[in-house]
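See below for entry-v6.pdb, which holds PDB, C-alpha atoms.
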ATOM      1  CA  MET M  94      39.383  61.092 -67.109
ATOM      2  CA  THR M  95      42.615  59.285 -68.000
ATOM      3  CA  ASN M  96      43.270  58.574 -64.315
ATOM      4  CA  VAL M  97      39.816  57.007 -64.010
ATOM      5  CA  LEU M  98      40.433  54.778 -67.040
ATOM      6  CA  ASP M  99      43.854  53.796 -65.692
ATOM      7  CA  LEU M 100      42.422  52.982 -62.254
ATOM      8  CA  VAL M 101      39.686  50.806 -63.766
ATOM      9  CA  ALA M 102      42.117  49.193 -66.251
ATOM     10  CA  ASN M 103      44.383  48.163 -63.371
ATOM     11  CA  ALA M 104      41.448  46.576 -61.528
ATOM     12  CA  LEU M 105      39.915  44.658 -64.458
ATOM     13  CA  PRO M 106      38.751  41.160 -63.497
ATOM     14  CA  LEU M 107      40.806  38.278 -64.836
ATOM     15  CA  ASP M 108      39.912  36.421 -68.057
ATOM     16  CA  GLY M 109      37.815  39.291 -69.385
ATOM     17  CA  ALA M 110      35.021  38.697 -66.857
ATOM     18  CA  LYS M 111      32.647  41.519 -65.980
ATOM     19  CA  PHE M 112      32.859  43.414 -62.722
ATOM     20  CA  THR M 113      30.680  42.015 -59.947
ATOM     21  CA  ASP M 114      29.271  43.838 -56.917
ATOM     22  CA  ASP M 115      32.123  42.377 -54.829
ATOM     23  CA  ASP M 116      34.670  44.089 -57.125
ATOM     24  CA  VAL M 117      33.291  47.576 -56.390
ATOM     25  CA  THR M 118      35.825  48.915 -53.894
ATOM     26  CA  THR M 119      35.636  52.452 -52.492
ATOM     27  CA  ASN M 120      38.230  53.640 -55.032
ATOM     28  CA  LEU M 121      36.382  52.032 -57.941
ATOM     29  CA  HIS M 122      33.069  53.425 -56.670
ATOM     30  CA  GLN M 123      34.563  56.929 -56.742
ATOM     31  CA  ALA M 124      36.123  56.288 -60.158
ATOM     32  CA  GLY M 125      32.735  55.229 -61.536
ATOM     33  CA  LEU M 126      31.055  58.353 -60.148
ATOM     34  CA  SER M 127      33.817  60.587 -61.535
ATOM     35  CA  TYR M 128      33.479  58.959 -64.969
ATOM     36  CA  LEU M 129      29.715  59.452 -64.865
ATOM     37  CA  LYS M 130      29.977  63.149 -63.958
ATOM     38  CA  ASN M 131      32.148  63.774 -67.029
ATOM     39  CA  TYR M 132      30.309  61.417 -69.381
ATOM     40  CA  ASP M 133      29.413  63.113 -72.680
ATOM     41  CA  GLY M 134      28.289  60.152 -74.804
ATOM     42  CA  ASN M 135      24.780  59.063 -75.756
ATOM     43  CA  PHE M 136      24.333  55.695 -74.005
ATOM     44  CA  ALA M 137      20.916  55.938 -72.325
ATOM     45  CA  PHE M 138      21.907  53.853 -69.287
ATOM     46  CA  LEU M 139      24.794  56.177 -68.445
ATOM     47  CA  LEU M 140      22.773  59.318 -69.211
ATOM     48  CA  ASP M 141      20.038  58.166 -66.827
ATOM     49  CA  LEU M 142      22.554  57.487 -64.066
ATOM     50  CA  ARG M 143      24.249  60.831 -64.674
ATOM     51  CA  MET M 144      20.860  62.583 -64.225
ATOM     52  CA  ARG M 145      20.330  60.719 -60.944
ATOM     53  CA  LEU M 146      23.767  61.772 -59.799
ATOM     54  CA  THR M 147      23.087  65.395 -60.813
ATOM     55  CA  ALA M 148      19.851  65.224 -58.798
ATOM     56  CA  ARG M 149      22.021  64.185 -55.829
ATOM     57  CA  GLN M 150      20.601  60.691 -55.657
ATOM     58  CA  GLU M 151      22.909  57.985 -54.375
ATOM     59  CA  LEU M 152      23.844  55.228 -56.795
ATOM     60  CA  SER M 153      23.675  51.620 -55.685
ATOM     61  CA  VAL M 154      26.642  49.288 -55.873
ATOM     62  CA  GLY M 155      24.899  47.499 -58.760
ATOM     63  CA  GLN M 156      24.519  50.761 -60.691
ATOM     64  CA  VAL M 157      28.186  51.635 -60.162
ATOM     65  CA  ARG M 158      29.095  48.090 -61.248
ATOM     66  CA  GLY M 159      27.198  48.797 -64.478
ATOM     67  CA  VAL M 160      29.196  52.001 -64.961
ATOM     68  CA  LEU M 161      32.456  50.101 -64.384
ATOM     69  CA  ASN M 162      31.468  47.524 -66.997
ATOM     70  CA  CYS M 163      30.780  50.366 -69.449
ATOM     71  CA  ILE M 164      34.241  51.770 -68.680
ATOM     72  CA  LYS M 165      35.666  48.271 -69.240
ATOM     73  CA  ALA M 166      34.032  48.205 -72.685
ATOM     74  CA  GLU M 167      35.471  51.644 -73.482
ATOM     75  CA  ILE M 168      38.950  50.490 -72.471
ATOM     76  CA  ALA M 169      38.583  47.427 -74.715
ATOM     77  CA  ARG M 170      37.596  49.656 -77.659
ATOM     78  CA  GLN M 171      40.630  51.866 -77.105
ATOM     79  CA  VAL M 172      43.089  48.979 -77.105
ATOM     80  CA  SER M 173      44.221  48.599 -80.676
ATOM     81  CA  VAL M 174      45.784  45.362 -81.826
ATOM     82  CA  PRO M 175      48.440  45.772 -84.524
ATOM     83  CA  ALA M 176      47.176  44.405 -87.853
ATOM     84  CA  GLU M 177      49.974  41.830 -87.963
ATOM     85  CA  ASP M 178      48.805  40.401 -84.610
ATOM     86  CA  VAL M 179      45.202  39.891 -85.738
ATOM     87  CA  ILE M 180      44.561  36.289 -86.752
ATOM     88  CA  ARG M 181      42.110  36.138 -89.617
ATOM     89  CA  VAL M 182      40.747  32.685 -90.306
ATOM     90  CA  GLU M 183      38.323  32.258 -93.177
ATOM     91  CA  VAL M 184      35.654  29.615 -92.579
ATOM     92  CA  ALA M 185      32.461  29.457 -94.641
ATOM     93  CA  ASN M 186      28.940  29.324 -93.211
ATOM     94  CA  GLY M 187      28.114  25.817 -92.097
ATOM     95  CA  ARG M 188      28.159  23.225 -89.394
ATOM     96  CA  TYR M 189      31.360  21.458 -88.477
ATOM     97  CA  ALA M 190      32.431  18.505 -86.334
ATOM     98  CA  THR M 191      36.106  18.416 -85.449
ATOM     99  CA  SER M 192      38.325  16.942 -82.794
ATOM    100  CA  ILE M 193      39.742  19.354 -80.215
ATOM    101  CA  ASP M 194      41.915  17.965 -77.425
ATOM    102  CA  GLY M 195      40.850  14.432 -78.366
ATOM    103  CA  LYS M 196      37.113  15.165 -78.127
ATOM    104  CA  LEU M 197      34.734  15.446 -81.083
ATOM    105  CA  ARG M 198      32.952  18.791 -80.837
ATOM    106  CA  PHE M 199      30.243  20.379 -82.978
ATOM    107  CA  PHE M 200      30.116  23.995 -84.166
ATOM    108  CA  ARG M 201      28.056  26.334 -86.337
ATOM    109  CA  VAL M 202      29.726  29.185 -88.207
ATOM    110  CA  ASN M 203      27.771  32.179 -89.482
ATOM    111  CA  THR M 204      29.425  34.819 -91.671
ATOM    112  CA  PRO M 205      26.781  37.380 -92.765
ATOM    113  CA  THR M 206      27.408  38.907 -96.195
ATOM    114  CA  ASP M 207      25.143  41.938 -95.796
ATOM    115  CA  GLY M 208      23.518  44.097 -93.148
ATOM    116  CA  LYS M 209      25.149  45.535 -90.059
ATOM    117  CA  TRP M 210      26.983  42.292 -89.259
ATOM    118  CA  GLU M 211      28.614  41.975 -92.688
ATOM    119  CA  GLY M 212      32.241  40.932 -92.358
ATOM    120  CA  PHE M 213      31.817  39.400 -88.876
ATOM    121  CA  THR M 214      32.245  35.709 -88.110
ATOM    122  CA  PHE M 215      30.046  34.191 -85.412
ATOM    123  CA  LEU M 216      30.889  30.837 -83.855
ATOM    124  CA  LYS M 217      28.587  28.733 -81.715
ATOM    125  CA  GLU M 218      29.217  25.355 -80.141
ATOM    126  CA  VAL M 219      26.325  22.949 -80.707
ATOM    127  CA  PHE M 220      25.095  20.572 -77.996
ATOM    128  CA  GLY M 221      22.468  17.868 -78.455
ATOM    129  CA  GLY M 222      22.254  18.198 -82.231
ATOM    130  CA  GLY M 223      21.426  14.584 -83.050
ATOM    131  CA  GLY M 224      18.258  14.075 -81.028
ATOM    132  CA  ILE M 225      14.706  15.273 -81.250
ATOM    133  CA  GLY M 226      14.222  18.983 -80.718
ATOM    134  CA  LYS M 227      16.382  21.977 -81.385
ATOM    135  CA  PRO M 228      20.007  21.711 -80.251
ATOM    136  CA  ARG M 229      21.428  24.194 -77.787
ATOM    137  CA  GLU M 230      23.978  26.569 -79.272
ATOM    138  CA  ASP M 231      26.370  28.511 -77.056
ATOM    139  CA  ALA M 232      28.173  31.478 -78.599
ATOM    140  CA  ILE M 233      31.960  31.540 -78.267
ATOM    141  CA  ARG M 234      32.747  35.196 -77.632
ATOM    142  CA  ASN M 235      36.358  35.023 -76.455
ATOM    143  CA  ARG M 236      38.373  36.131 -79.492
ATOM    144  CA  ASP M 237      41.389  33.909 -78.825
ATOM    145  CA  ILE M 238      39.284  30.775 -78.281
ATOM    146  CA  ARG M 239      37.120  31.595 -81.306
ATOM    147  CA  ASN M 240      40.179  32.072 -83.526
ATOM    148  CA  SER M 241      41.806  28.846 -82.335
ATOM    149  CA  VAL M 242      38.608  26.852 -82.990
ATOM    150  CA  LEU M 243      38.199  28.454 -86.429
ATOM    151  CA  LYS M 244      41.823  27.573 -87.209
ATOM    152  CA  VAL M 245      41.211  23.913 -86.294
ATOM    153  CA  ILE M 246      38.049  23.881 -88.430
ATOM    154  CA  SER M 247      39.836  25.498 -91.398
ATOM    155  CA  GLU M 248      42.544  22.827 -91.270
ATOM    156  CA  ASP M 249      40.049  19.927 -91.100
ATOM    157  CA  SER M 250      38.760  19.367 -94.654
ATOM    158  CA  GLU M 251      36.311  16.699 -93.451
ATOM    159  CA  ALA M 252      34.709  18.759 -90.650
ATOM    160  CA  LEU M 253      31.649  19.868 -92.667
ATOM    161  CA  ALA M 254      30.844  16.356 -93.892
ATOM    162  CA  ARG M 255      31.629  14.828 -90.476
ATOM    163  CA  TYR M 256      28.923  16.968 -88.853
ATOM    164  CA  GLY M 257      26.324  15.464 -91.176
ATOM    165  CA  GLN M 258      27.685  11.955 -90.897
ATOM    166  CA  GLU M 259      27.659  12.081 -87.103
ATOM    167  CA  LEU M 260      24.273  13.770 -86.606
ATOM    168  CA  GLY M 261      22.295  12.954 -89.762
ATOM    169  CA  ILE M 262      21.887  16.687 -90.391
ATOM    170  CA  CYS M 263      23.341  18.421 -93.455
ATOM    171  CA  GLY M 264      26.642  20.014 -92.525
ATOM    172  CA  ASN M 265      25.855  22.934 -94.798
ATOM    173  CA  CYS M 266      22.214  23.903 -94.205
ATOM    174  CA  GLY M 267      21.232  21.920 -91.100
ATOM    175  CA  LEU M 268      18.265  20.071 -92.593
ATOM    176  CA  PRO M 269      17.802  16.337 -91.889
ATOM    177  CA  LEU M 270      19.532  13.970 -94.307
ATOM    178  CA  THR M 271      16.842  11.623 -95.592
ATOM    179  CA  ASP M 272      18.678   9.172 -97.863
ATOM    180  CA  GLU M 273      21.624   6.812 -97.376
ATOM    181  CA  GLU M 274      23.907   8.552 -99.881
ATOM    182  CA  SER M 275      23.434  11.939 -98.212
ATOM    183  CA  ARG M 276      23.987  10.466 -94.743
ATOM    184  CA  ALA M 277      27.176   8.750 -95.938
ATOM    185  CA  ILE M 278      28.463  11.999 -97.458
ATOM    186  CA  GLY M 279      27.130  14.229 -94.642
ATOM    187  CA  ILE M 280      25.720  16.818 -97.047
ATOM    188  CA  GLY M 281      22.339  16.843 -98.809
ATOM    189  CA  PRO M 282      22.005  16.738-102.625
ATOM    190  CA  ILE M 283      20.966  20.387-103.060
ATOM    191  CA  CYS M 284      23.821  21.626-100.886
ATOM    192  CA  ARG M 285      26.272  19.320-102.698
ATOM    193  CA  LYS M 286      25.178  20.914-105.962
ATOM    194  CA  ASN M 287      25.458  24.443-104.515
ATOM    195  CA  LEU M 288      28.937  23.617-103.165
ATOM    196  CA  GLY M 289      30.035  22.233-106.545
ATOM    197  CA  MET M 290      30.446  18.666-105.271
TER     198      MET M 290
END

Kindly return the structure encoded in the file as structure tokens.
Amino acid sequence: MTNVLDLVANALPLDGAKFTDDDVTTNLHQAGLSYLKNYDGNFAFLLDLRMRLTARQELSVGQVRGVLNCIKAEIARQVSVPAEDVIRVEVANGRYATSIDGKLRFFRVNTPTDGKWEGFTFLKEVFGGGGIGKPREDAIRNRDIRNSVLKVISEDSEALARYGQELGICGNCGLPLTDEESRAIGIGPICRKNLGM
């Protein structure tokens, strides 16, 4: 099994991308099948494919690609980052506008305090937040990019207010700002009170 993981680890696509059908070489195809034969976990997708393989059904390139992406995820889980190398940036829930590489960009941070996602920090970039309709939010999943953006936000004390000032939406809760004072501050009166402002 270690040889299979090593083979797949050495063939991982650049920049953390997933395997595509074009990446499935003969060696990787065999590695995926070998992994599947020895799989003893409980992921339904892999269990279903293992049953097909046991029934002597051929697996498509797309199915093997799926297996390789599962192996990729397993490799990522096994790689441990020393605690001193983990960058922890604390940023509160809210909406932020900050300049990155000379361009003003808009973000939403969500840090759940209970449930299965407690302790996680989710970061989304916001597009089209000032017009009519719901803005588009794209999740930033790359850990290094997410941490660098969170660091910029944490060092910009005006980012929360700037979001509201730029878009007319409260930087804290996302509701429209309906009076001049709130628009000038970028945060609505209830949120200002809750934030101790």

Between CA of Cys163 in chain M and CA of Thr214 in chain M, measure the distance and give it in Å to one decimal.
23.8 Å

Applied to the shown file, which residues does the PyMOL selection byres ((chain M and resi 112-118) around 9) return, written as a list in words?
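So the PyMOL selection byres ((chain M and resi 112-118) around 9), applied here, picks out Ala104, Leu105, Pro106, Ala110, Lys111, Thr119, Asn120, Leu121, His122, Gln123, Val154, Gly155, Val157, Arg158, Gly159, Leu161, Asn162 and Lys165 of chain M.
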
Do a neighbour search on Pro205 in chain M at 9 Å with only C-alpha atoms, toss out local chain neighbours closer than 5 positions, and write the hits as a VMD selection string.
chain M and resid 186 210 to 215

Please enumerate the residues selected by the PyMOL selection byres ((chain M and resi 198) around 9) when evaluated against the supplied file, formatted as a list in words.
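Those residues are Tyr189, Ala190, Thr191, Ser192, Ile193, Lys196, Leu197, Phe199, Phe200, Glu218, Val219 and Phe220 of chain M.
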
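Nearest residue to Pro228 in chain M among M:Lys209, M:Arg201, M:Lys244, M:Arg276 is M:Arg201, counting only C-alpha atoms.
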
Could you expand the PyMOL selection byres ((chain M and resi 141) around 12) into the explicit residues it covers here, written as JSON, numbers by chain?
{"M": [129, 130, 132, 134, 135, 136, 137, 138, 139, 140, 142, 143, 144, 145, 146, 147, 148, 150, 152, 156, 160]}

Please, what distance in Å, to one decimal, runs between CA of Ile283 in chain M and CA of Arg255 in chain M?
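These atoms are spaced 17.4 Å apart.
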
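In this comparison, which uses all atoms listed in the file, the residue of M:Asn235, M:Asn103, M:Ser275, M:Ser153 approaching Glu259 in chain M most closely is M:Ser275.
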
CA of Leu98 in chain M to CA of Gly125 in chain M: how many Å, to one decimal?
9.5 Å

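Restricting the calculation to all atoms listed in the file, the smallest distance between Asp231 in chain M and any of M:Glu251, M:Tyr256, M:Val202, M:Asn96 is found for M:Val202.
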
Range 278-282 of chain M environment, 6 Å, all atoms listed in the file, sequence neighbours closer than 5 positions dropped, as an MDAnalysis selection string:
chainID M and resid 254 257:258 263:264

Work out where the centre of an axis-aligned box around every listed atom of range 273-285 of chain M lies and how long its edges are once 8 Å is added on each side; give both in Å to one decimal as lines of an AutoDock Vina configuration file.
center_x = 24.7
center_y = 14.2
center_z = -98.9
size_x = 23.5
size_y = 30.8
size_z = 24.4

Using all atoms listed in the file, which of M:Val184, M:Ile233, M:Ala277, M:Leu288 sits nearest Asp249 in chain M?
M:Val184
